[in-house]
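Just start-v5.cif here, mmCIF, C-alpha atoms and all ligand atoms:
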data_my_file
loop_
_atom_site.label_atom_id
_atom_site.label_comp_id
_atom_site.auth_asym_id
_atom_site.auth_seq_id
_atom_site.Cartn_x
_atom_site.Cartn_y
_atom_site.Cartn_z
CA MET A 935 28.50 92.75 -71.73
CA SER A 936 25.82 92.20 -74.30
CA ALA A 937 23.97 88.88 -74.64
CA VAL A 938 24.55 86.47 -77.50
CA ARG A 939 21.66 86.96 -79.95
CA MET A 940 19.91 83.68 -80.59
CA ASP A 941 19.39 83.78 -84.32
CA GLY A 942 16.06 82.16 -85.12
CA LYS A 943 16.24 83.22 -88.75
CA ALA A 944 19.49 81.36 -89.37
CA LEU A 945 18.39 78.29 -87.43
CA SER A 946 15.08 78.30 -89.24
CA ALA A 947 16.83 78.30 -92.64
CA LYS A 948 19.04 75.42 -91.51
CA VAL A 949 16.08 73.34 -90.27
CA ARG A 950 14.07 74.05 -93.45
CA GLY A 951 17.06 72.85 -95.47
CA SER A 952 17.07 69.54 -93.62
CA ILE A 953 13.28 69.23 -93.99
CA LEU A 954 13.63 69.74 -97.77
CA ALA A 955 16.29 67.02 -97.92
CA GLU A 956 14.00 64.62 -96.02
CA THR A 957 11.07 65.55 -98.24
CA LYS A 958 13.10 64.67 -101.33
CA ALA A 959 13.89 61.26 -99.84
CA LEU A 960 10.20 60.75 -98.97
CA LYS A 961 9.12 61.68 -102.48
CA GLU A 962 11.34 58.91 -103.83
CA LYS A 963 9.22 56.56 -101.76
CA GLY A 964 6.08 58.06 -103.30
CA VAL A 965 5.07 60.22 -100.33
CA THR A 966 4.71 64.01 -100.50
CA PRO A 967 3.88 65.82 -97.24
CA GLY A 968 0.75 67.93 -97.73
CA LEU A 969 -0.59 70.75 -95.59
CA ALA A 970 -4.10 72.20 -95.77
CA VAL A 971 -4.46 75.70 -94.37
CA ILE A 972 -7.91 77.12 -93.70
CA ILE A 973 -8.60 80.78 -93.09
CA VAL A 974 -12.05 82.12 -92.32
CA GLY A 975 -12.67 85.84 -92.81
CA ASN A 976 -10.05 88.45 -93.63
CA ASP A 977 -8.09 89.35 -90.56
CA PRO A 978 -4.96 91.06 -91.99
CA ALA A 979 -2.51 89.48 -89.50
CA SER A 980 -3.97 86.01 -90.20
CA GLU A 981 -3.61 86.59 -93.93
CA ILE A 982 0.10 87.33 -93.47
CA TYR A 983 0.57 84.18 -91.34
CA VAL A 984 -1.23 82.05 -93.92
CA ARG A 985 0.84 83.48 -96.76
CA ASN A 986 4.04 82.72 -94.82
CA LYS A 987 2.85 79.17 -94.18
CA GLU A 988 2.24 78.61 -97.90
CA LYS A 989 5.67 80.03 -98.67
CA ALA A 990 7.29 77.74 -96.12
CA CYS A 991 5.49 74.73 -97.65
CA ALA A 992 6.95 75.58 -101.06
CA GLU A 993 10.42 76.00 -99.53
CA CYS A 994 10.19 72.57 -97.92
CA GLY A 995 8.91 70.86 -101.09
CA PHE A 996 5.45 70.18 -99.65
CA TYR A 997 2.11 70.01 -101.40
CA SER A 998 -0.28 72.60 -99.98
CA GLU A 999 -3.92 73.58 -100.24
CA LYS A 1000 -5.36 76.86 -99.06
CA TYR A 1001 -9.03 77.39 -98.26
CA ALA A 1002 -9.96 81.06 -97.87
CA LEU A 1003 -13.54 81.02 -96.62
CA PRO A 1004 -15.78 84.06 -96.22
CA ALA A 1005 -16.40 85.40 -92.70
CA GLU A 1006 -20.04 84.30 -92.84
CA THR A 1007 -19.11 80.61 -93.32
CA SER A 1008 -21.15 78.53 -90.87
CA GLN A 1009 -19.56 76.25 -88.30
CA GLU A 1010 -21.23 73.30 -90.01
CA GLU A 1011 -19.64 74.18 -93.37
CA LEU A 1012 -16.22 74.56 -91.77
CA LEU A 1013 -16.49 71.26 -89.90
CA GLY A 1014 -17.64 69.66 -93.17
CA LEU A 1015 -14.47 70.84 -94.92
CA ILE A 1016 -12.32 69.57 -92.05
CA ALA A 1017 -14.06 66.17 -92.24
CA GLN A 1018 -13.21 66.00 -95.96
CA LEU A 1019 -9.58 66.94 -95.34
CA ASN A 1020 -9.36 64.34 -92.55
CA GLN A 1021 -10.09 61.75 -95.28
CA SER A 1022 -7.88 63.22 -98.01
CA PRO A 1023 -4.84 61.06 -98.77
CA GLN A 1024 -2.87 64.05 -100.11
CA ILE A 1025 -3.22 65.95 -96.86
CA SER A 1026 -0.91 65.03 -93.97
CA GLY A 1027 -1.62 68.06 -91.81
CA ILE A 1028 -4.55 70.42 -91.32
CA LEU A 1029 -4.60 73.76 -89.65
CA CYS A 1030 -7.28 76.34 -89.23
CA GLN A 1031 -5.84 79.81 -88.65
CA MET A 1032 -7.12 81.30 -85.39
CA PRO A 1033 -9.00 83.40 -84.49
CA VAL A 1034 -12.14 82.25 -86.30
CA PRO A 1035 -15.21 84.55 -86.42
CA GLU A 1036 -17.20 84.69 -83.19
CA HIS A 1037 -20.11 82.54 -84.38
CA ILE A 1038 -17.73 79.58 -84.74
CA SER A 1039 -16.46 77.70 -81.70
CA GLU A 1040 -12.66 77.53 -81.71
CA GLN A 1041 -12.76 74.36 -79.61
CA ALA A 1042 -15.22 72.67 -82.01
CA VAL A 1043 -12.80 73.35 -84.87
CA ILE A 1044 -9.83 72.00 -82.92
CA ASP A 1045 -11.80 68.91 -81.86
CA ALA A 1046 -12.83 68.19 -85.48
CA ILE A 1047 -9.28 67.80 -86.78
CA ASP A 1048 -8.02 64.22 -86.82
CA PRO A 1049 -5.34 64.13 -84.07
CA LYS A 1050 -3.02 62.39 -86.56
CA LYS A 1051 -3.28 65.46 -88.82
CA ASP A 1052 -3.28 68.03 -86.00
CA VAL A 1053 0.05 69.66 -86.83
CA ASP A 1054 -0.64 72.61 -84.50
CA ALA A 1055 -0.95 70.08 -81.64
CA PHE A 1056 -4.01 71.79 -80.20
CA HIS A 1057 -6.36 68.77 -80.17
CA PRO A 1058 -7.06 67.50 -76.64
CA VAL A 1059 -5.54 64.13 -77.54
CA ASN A 1060 -2.26 65.79 -78.49
CA VAL A 1061 -2.42 68.15 -75.52
CA GLY A 1062 -2.81 65.09 -73.27
CA LYS A 1063 0.12 63.38 -74.93
CA ILE A 1064 2.30 66.41 -74.28
CA MET A 1065 1.32 66.28 -70.62
CA VAL A 1066 2.26 62.60 -70.45
CA GLY A 1067 5.51 63.24 -72.30
CA ASN A 1068 4.91 60.82 -75.16
CA PHE A 1069 4.00 62.98 -78.11
CA ASP A 1070 4.28 63.10 -81.90
CA PHE A 1071 3.51 66.77 -82.43
CA VAL A 1072 4.71 69.65 -80.30
CA PRO A 1073 3.00 73.05 -80.42
CA CYS A 1074 5.05 75.08 -82.84
CA THR A 1075 6.14 78.08 -80.79
CA PRO A 1076 7.38 76.14 -77.73
CA ALA A 1077 8.99 73.57 -80.06
CA GLY A 1078 10.88 76.38 -81.78
CA VAL A 1079 12.11 77.68 -78.44
CA MET A 1080 13.43 74.23 -77.50
CA GLU A 1081 15.30 74.00 -80.83
CA LEU A 1082 16.86 77.38 -80.18
CA LEU A 1083 17.98 76.33 -76.70
CA ASP A 1084 19.49 73.14 -78.13
CA GLU A 1085 21.22 75.00 -80.95
CA TYR A 1086 22.96 77.26 -78.43
CA GLY A 1087 23.86 74.38 -76.09
CA ILE A 1088 21.51 75.50 -73.31
CA ASP A 1089 20.29 72.52 -71.32
CA PRO A 1090 17.27 73.20 -69.05
CA LYS A 1091 18.19 70.25 -66.80
CA GLY A 1092 18.34 71.36 -63.18
CA LYS A 1093 17.82 75.01 -64.10
CA GLU A 1094 15.23 77.42 -62.72
CA CYS A 1095 12.90 78.07 -65.63
CA VAL A 1096 10.26 80.78 -65.35
CA VAL A 1097 7.57 81.07 -68.01
CA VAL A 1098 5.50 84.25 -67.94
CA GLY A 1099 2.17 83.45 -69.63
CA ARG A 1100 -0.11 80.43 -69.34
CA SER A 1101 -1.92 80.30 -72.68
CA ASN A 1102 -2.77 76.95 -74.22
CA ILE A 1103 -0.69 77.69 -77.29
CA VAL A 1104 2.48 79.04 -75.70
CA GLY A 1105 2.82 79.26 -71.91
CA LYS A 1106 1.42 75.88 -70.83
CA PRO A 1107 3.08 73.68 -73.48
CA MET A 1108 6.33 75.64 -73.10
CA SER A 1109 6.32 74.83 -69.38
CA MET A 1110 5.69 71.14 -70.09
CA LEU A 1111 8.56 70.90 -72.56
CA LEU A 1112 10.96 72.51 -70.10
CA LEU A 1113 9.71 70.16 -67.39
CA HIS A 1114 10.24 67.11 -69.63
CA ARG A 1115 13.80 68.31 -70.09
CA HIS A 1116 14.21 68.38 -66.30
CA GLY A 1117 13.94 72.11 -65.72
CA THR A 1118 12.44 73.33 -62.43
CA VAL A 1119 9.53 75.24 -63.87
CA THR A 1120 7.44 78.09 -62.49
CA ILE A 1121 4.50 79.39 -64.51
CA CYS A 1122 3.49 83.02 -63.98
CA HIS A 1123 0.39 84.89 -65.07
CA SER A 1124 -1.56 88.06 -64.39
CA ARG A 1125 -2.41 87.05 -60.79
CA THR A 1126 1.15 86.10 -59.81
CA SER A 1127 2.27 88.15 -56.83
CA GLY A 1128 5.82 89.42 -56.67
CA LEU A 1129 6.35 88.71 -60.36
CA ALA A 1130 9.67 90.57 -60.62
CA ALA A 1131 11.17 88.52 -57.77
CA VAL A 1132 9.98 85.26 -59.34
CA CYS A 1133 11.45 86.27 -62.70
CA ARG A 1134 14.76 87.16 -61.05
CA ARG A 1135 15.10 83.52 -59.93
CA ALA A 1136 15.17 82.36 -63.53
CA ASP A 1137 18.19 80.86 -65.23
CA ILE A 1138 15.91 80.58 -68.27
CA LEU A 1139 13.17 83.19 -68.55
CA VAL A 1140 10.50 82.85 -71.23
CA ALA A 1141 8.23 85.82 -71.85
CA ALA A 1142 4.90 85.06 -73.56
CA VAL A 1143 2.75 87.91 -72.33
CA GLY A 1144 1.81 90.02 -75.33
CA LYS A 1145 2.89 93.37 -73.83
CA ALA A 1146 5.68 95.41 -75.39
CA GLY A 1147 8.73 95.83 -73.14
CA PHE A 1148 7.00 94.10 -70.21
CA ILE A 1149 10.16 92.39 -68.92
CA THR A 1150 12.56 95.06 -67.71
CA PRO A 1151 16.22 94.64 -66.60
CA ASP A 1152 15.28 94.68 -62.88
CA MET A 1153 13.30 91.45 -63.48
CA VAL A 1154 16.27 89.56 -64.91
CA LYS A 1155 19.13 87.80 -63.11
CA ASP A 1156 22.63 88.57 -64.40
CA GLY A 1157 23.57 86.03 -67.05
CA ALA A 1158 20.07 84.58 -67.51
CA VAL A 1159 18.92 83.15 -70.83
CA VAL A 1160 15.96 85.25 -71.97
CA ILE A 1161 13.52 83.98 -74.58
CA ASP A 1162 11.15 86.58 -75.96
CA VAL A 1163 8.08 85.03 -77.57
CA GLY A 1164 6.07 88.25 -77.72
CA ILE A 1165 5.09 89.84 -81.01
CA ASN A 1166 3.76 93.33 -80.38
CA ARG A 1167 3.74 96.70 -82.07
CA ASN A 1168 5.14 99.70 -80.26
CA ALA A 1169 3.80 103.26 -80.48
CA GLU A 1170 5.60 103.81 -83.81
CA GLY A 1171 4.07 100.61 -85.23
CA LYS A 1172 7.37 98.71 -85.13
CA VAL A 1173 7.33 95.00 -84.24
CA CYS A 1174 8.79 94.43 -80.79
CA GLY A 1175 8.84 91.74 -78.14
CA ASP A 1176 7.76 91.42 -74.51
CA VAL A 1177 11.30 92.07 -73.31
CA ALA A 1178 12.80 95.56 -73.11
CA PRO A 1179 15.89 95.86 -75.35
CA GLU A 1180 18.07 96.93 -72.36
CA VAL A 1181 17.74 93.38 -71.01
CA MET A 1182 20.28 92.46 -73.71
CA GLU A 1183 22.95 94.02 -71.42
CA LYS A 1184 22.05 91.71 -68.53
CA ALA A 1185 21.29 88.39 -70.21
CA SER A 1186 23.85 85.86 -71.42
CA TYR A 1187 21.70 84.77 -74.37
CA MET A 1188 18.60 86.41 -75.73
CA THR A 1189 16.25 86.05 -78.68
CA PRO A 1190 15.75 89.24 -80.69
CA VAL A 1191 12.32 90.33 -81.94
CA PRO A 1192 11.97 90.07 -84.85
CA GLY A 1193 14.29 87.24 -85.85
CA GLY A 1194 14.32 85.06 -82.72
CA ALA A 1195 11.48 82.79 -81.64
CA GLY A 1196 9.14 84.06 -84.39
CA PRO A 1197 10.76 82.49 -87.49
CA MET A 1198 11.05 79.15 -85.72
CA THR A 1199 7.29 78.78 -85.25
CA ILE A 1200 6.37 78.18 -88.91
CA THR A 1201 9.43 75.99 -89.37
CA MET A 1202 8.20 73.77 -86.55
CA LEU A 1203 4.83 73.57 -88.31
CA MET A 1204 6.70 72.21 -91.33
CA LYS A 1205 8.51 69.73 -89.10
CA ASN A 1206 5.20 68.52 -87.67
CA THR A 1207 3.75 68.17 -91.18
CA LEU A 1208 6.70 66.10 -92.31
CA LYS A 1209 6.31 63.93 -89.22
CA ALA A 1210 2.57 63.52 -89.88
CA ALA A 1211 3.29 62.32 -93.43
CA LYS A 1212 5.84 59.82 -92.14
CA LEU A 1213 3.52 58.52 -89.42
CA GLN A 1214 0.60 58.18 -91.82
CA HIS A 1215 2.76 56.06 -94.13
CA SER A 1216 4.52 54.20 -91.30
CA LEU A 1217 7.90 55.53 -92.47
P1 LIG B 1301 -2.37 85.26 -74.42
O1 LIG B 1301 -2.95 86.61 -74.43
O2 LIG B 1301 -3.24 84.08 -74.72
O3 LIG B 1301 -1.67 84.99 -73.01
C1 LIG B 1301 -0.92 85.98 -72.37
C2 LIG B 1301 -0.50 85.50 -71.01
O4 LIG B 1301 0.20 86.54 -70.38
C3 LIG B 1301 -1.68 85.13 -70.11
O5 LIG B 1301 -1.44 83.90 -69.48
C4 LIG B 1301 -1.75 86.27 -69.11
O6 LIG B 1301 -2.16 85.90 -67.82
C5 LIG B 1301 -0.29 86.70 -69.07
N1 LIG B 1301 -0.21 88.09 -68.61
C6 LIG B 1301 -0.88 89.15 -69.12
N2 LIG B 1301 -0.61 90.25 -68.39
C7 LIG B 1301 0.24 89.86 -67.40
C8 LIG B 1301 0.86 90.52 -66.35
N3 LIG B 1301 0.68 91.84 -66.13
N4 LIG B 1301 1.66 89.82 -65.52
C9 LIG B 1301 1.87 88.51 -65.73
N5 LIG B 1301 1.30 87.81 -66.73
C10 LIG B 1301 0.49 88.49 -67.56
O7 LIG B 1301 -1.15 85.31 -75.44
P2 LIG B 1301 -0.36 84.15 -76.23
O8 LIG B 1301 0.22 83.18 -75.28
O9 LIG B 1301 -1.16 83.68 -77.36
O10 LIG B 1301 0.82 85.02 -76.85
C11 LIG B 1301 1.76 85.71 -76.05
C12 LIG B 1301 2.64 86.56 -76.94
O11 LIG B 1301 3.33 85.72 -77.84
C13 LIG B 1301 1.88 87.55 -77.84
O12 LIG B 1301 2.67 88.71 -78.01
C14 LIG B 1301 1.76 86.82 -79.16
O13 LIG B 1301 1.66 87.70 -80.25
C15 LIG B 1301 3.06 86.08 -79.18
N6 LIG B 1301 3.04 84.86 -79.97
C16 LIG B 1301 4.12 84.64 -80.77
C17 LIG B 1301 4.18 83.52 -81.54
C18 LIG B 1301 5.39 83.31 -82.36
O14 LIG B 1301 5.30 82.76 -83.44
N7 LIG B 1301 6.56 83.70 -81.86
C19 LIG B 1301 3.09 82.55 -81.60
C20 LIG B 1301 2.05 82.81 -80.65
C21 LIG B 1301 2.03 83.94 -79.89
P3 LIG B 1301 -3.66 85.38 -67.50
O15 LIG B 1301 -3.72 83.97 -67.98
O16 LIG B 1301 -3.75 85.48 -66.02
O17 LIG B 1301 -4.59 86.29 -68.22
#
Can you turn what I pasted into structure tokens?
Amino acid sequence: MSAVRMDGKALSAKVRGSILAETKALKEKGVTPGLAVIIVGNDPASEIYVRNKEKACAECGFYSEKYALPAETSQEELLGLIAQLNQSPQISGILCQMPVPEHISEQAVIDAIDPKKDVDAFHPVNVGKIMVGNFDFVPCTPAGVMELLDEYGIDPKGKECVVVGRSNIVGKPMSMLLLHRHGTVTICHSRTSGLAAVCRRADILVAAVGKAGFITPDMVKDGAVVIDVGINRNAEGKVCGDVAPEVMEKASYMTPVPGGAGPMTITMLMKNTLKAAKLQHSL
């Protein structure tokens, strides 16, 4: 039997529709959510992400500003721009597309963004809040995964959840969100021994590794829910996930790549921006 495909594209369109409706209501109260997106240099993948973020802003009725800075921009100049945007009343959320050029400290950029405008939820204040379980913004990719689980009626409560990957942007916050929802969470990484056996315990398996086809059917329990966060390119240059397609025959639910977890990420950024606007205006 083949797994139910968890359709992130459809859910994303539905959520964007409800964000647009809320934005219209906010505008009647004189508030327009605004997102500032900064990109430094011209990494082609980053340019695509930034374009998609601008498109999503338009779809949700937001105001947006884009700052495309040359690769030789100094850290001081970048932090200066962020300081300005922190003060701008039109801007509810700020994000700086990562990676930034090597001469700029990623952490310094993250630290400079006002936590109330940190719609990526990377600032240490927001990271701490996620740990405590009392947060306004949730990192976009894990937030999108949680929405997908909810949409398909999958409750992590009491379930064995295994997250493969421990990055600050996906693996760690993903694990925290599952834990807050009462999952029994195991986090795996490159030094985990007996990885396949650990993965086979999972009722919910999340792959955030960055290696095409890394999760193979022998690593998956029959009937498990498999969430594929990976975005990779295979030998033919086609976009593919971290999970081998044959896993579809073993899982009960699975996110396709593309069209699963991916589309949800930018939608969650929009959700965080809307929330930021509401919080800043005490609405
Ligand atoms: P990172 O490279 O930051 O983290 C990868 C993680 O995988 C690390 O924790 C690493 O372990 C672990 N890992 C690597 N090799 C192995 C192995 N052999 N066995 C077990 N664990 C391993 O990646 P990200 O978290 O940023 O992204 C992961 C994937 O998700 C990528 O494909 C990325 O493109 C995609 N992504 C998708 C998004 C979306 O919108 N859907 C958004 C963000 C990312 P260790 O810590 O020990 O090195």
Where does chain A meet ligand LIG 1301 (chain B) within 9 Å, residue by residue, with the nearest atom pair and distance in Å to one decimal for each, counting only C-alpha atoms and all ligand atoms, listed by chain and rising number, as CSV?
residue,atom,partner,partner_atom,distance
A:Cys1074,CA,B:LIG1301,O14,7.7
A:Thr1075,CA,B:LIG1301,O14,5.4
A:Pro1076,CA,B:LIG1301,C19,8.6
A:Gly1078,CA,B:LIG1301,N7,8.5
A:Val1079,CA,B:LIG1301,N7,8.9
A:Val1098,CA,B:LIG1301,N5,5.6
A:Gly1099,CA,B:LIG1301,C2,3.6
A:Arg1100,CA,B:LIG1301,O5,3.7
A:Ser1101,CA,B:LIG1301,O8,4.4
A:Asn1102,CA,B:LIG1301,O8,7.0
A:Ile1103,CA,B:LIG1301,O8,5.9
A:Val1104,CA,B:LIG1301,O8,4.7
A:Gly1105,CA,B:LIG1301,O8,5.8
A:Lys1106,CA,B:LIG1301,O5,8.6
A:Ile1121,CA,B:LIG1301,O5,9.0
A:Cys1122,CA,B:LIG1301,N5,5.9
A:His1123,CA,B:LIG1301,N5,3.5
A:Ser1124,CA,B:LIG1301,N5,3.7
A:Arg1125,CA,B:LIG1301,O16,5.6
A:Thr1126,CA,B:LIG1301,C9,6.4
A:Ser1127,CA,B:LIG1301,N4,8.9
A:Leu1129,CA,B:LIG1301,C9,7.0
A:Ala1141,CA,B:LIG1301,C12,7.6
A:Ala1142,CA,B:LIG1301,C11,4.1
A:Val1143,CA,B:LIG1301,O4,3.5
A:Gly1144,CA,B:LIG1301,O12,3.1
A:Lys1145,CA,B:LIG1301,O12,6.3
A:Ala1146,CA,B:LIG1301,O12,7.8
A:Phe1148,CA,B:LIG1301,N3,7.9
A:Asp1162,CA,B:LIG1301,N7,8.0
A:Val1163,CA,B:LIG1301,N7,4.7
A:Gly1164,CA,B:LIG1301,O12,3.4
A:Ile1165,CA,B:LIG1301,O12,4.0
A:Asn1166,CA,B:LIG1301,O12,5.3
A:Cys1174,CA,B:LIG1301,O12,8.8
A:Gly1175,CA,B:LIG1301,O12,6.9
A:Asp1176,CA,B:LIG1301,O12,6.7
A:Val1191,CA,B:LIG1301,N7,8.8
A:Pro1192,CA,B:LIG1301,N7,8.9
A:Gly1194,CA,B:LIG1301,N7,7.9
A:Ala1195,CA,B:LIG1301,N7,5.0
A:Gly1196,CA,B:LIG1301,N7,3.6
A:Pro1197,CA,B:LIG1301,O14,6.8
A:Met1198,CA,B:LIG1301,O14,7.2
A:Thr1199,CA,B:LIG1301,O14,4.8
A:Ile1200,CA,B:LIG1301,O14,7.2
Have a look at A:Glu1011, A:Glu1085, A:Asp977, A:Asp1070 and name the one nearest to Lys1212 (chain A); count all atoms listed in the file.
A:Asp1070
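With all atoms listed in the file as the basis for measurement, A:Arg939 is the residue among A:His1215, A:His1116, A:Lys948, A:Arg939 that approaches Ile1161 (chain A) most closely.
Considering only C-alpha atoms, the residue among A:Leu1015, A:Ala1131, A:Ala1002, A:Ala1210 positioned nearest to Gly968 (chain A) is A:Ala1210.
Of the residues under consideration (A:Glu1094, A:Val1173, A:Lys1209, A:Val1160), A:Lys1209 shows the shortest atom-to-atom contact distance to Phe1071 (chain A) when counting all atoms listed in the file.
Proximity of A:Asn1168, A:Asn976, A:Thr1120, A:Ser1186 to Ile1088 (chain A), computed with all atoms listed in the file, is greatest for A:Ser1186.
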Do a neighbour search on Asp1052 (chain A) at 9 Å with all atoms listed in the file, toss out local chain neighbours closer than 4 positions, and write the hits as an MDAnalysis selection string.
chainID A and resid 1026:1029 1044 1047:1048 1056:1057 1060 1071 1206:1207 1210
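Proximity ranking of A:Ala979, A:Asp1084, A:Ser936, A:Lys1051 relative to Gln1021 (chain A) places A:Lys1051 first, based on only C-alpha atoms.
The coordinates place CA of Asn1068 (chain A) at 25.6 Å from CA of Leu1019 (chain A).
Interatomic distance, CA of Val1072 (chain A) against CA of Asp1054 (chain A): 7.4 Å.
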For a cut-off of 12 Å around (19.2, 76.9, -90.0), file coordinates, pick out all residues using all atoms listed in the file and list them as number ranges by chain.
A: 940-954, 1078, 1081-1082, 1085, 1194, 1197-1198, 1201-1202
Would you compute the distance between CA of Met935 (chain A) and CA of Lys1184 (chain A)? Give it in Å to one decimal.
7.3 Å
Which neighbours of Met1204 (chain A) fall inside 9 Å, counting only C-alpha atoms, when residues of the same chain fewer than 6 positions from it are skipped, and could you give them as a PyMOL selection string?
chain A and resi 950+953+969+987+990-991+994+996+1053
Taking every listed atom of region 1022-1035 of chain A and adding 4 Å to each side, what centre and edge lengths in Å (one decimal) does the axis-aligned box have, as lines of an AutoDock Vina configuration file?
center_x = -8.1
center_y = 72.8
center_z = -92.3
size_x = 22.3
size_y = 31.5
size_z = 23.6
Is it possible to get the residues within 12 Å of (-15.9, 79.6, -81.6) (coordinates as in the file, counting only C-alpha atoms) written as a PyMOL selection string?
chain A and resi 974+1008-1010+1012-1013+1030+1032-1045
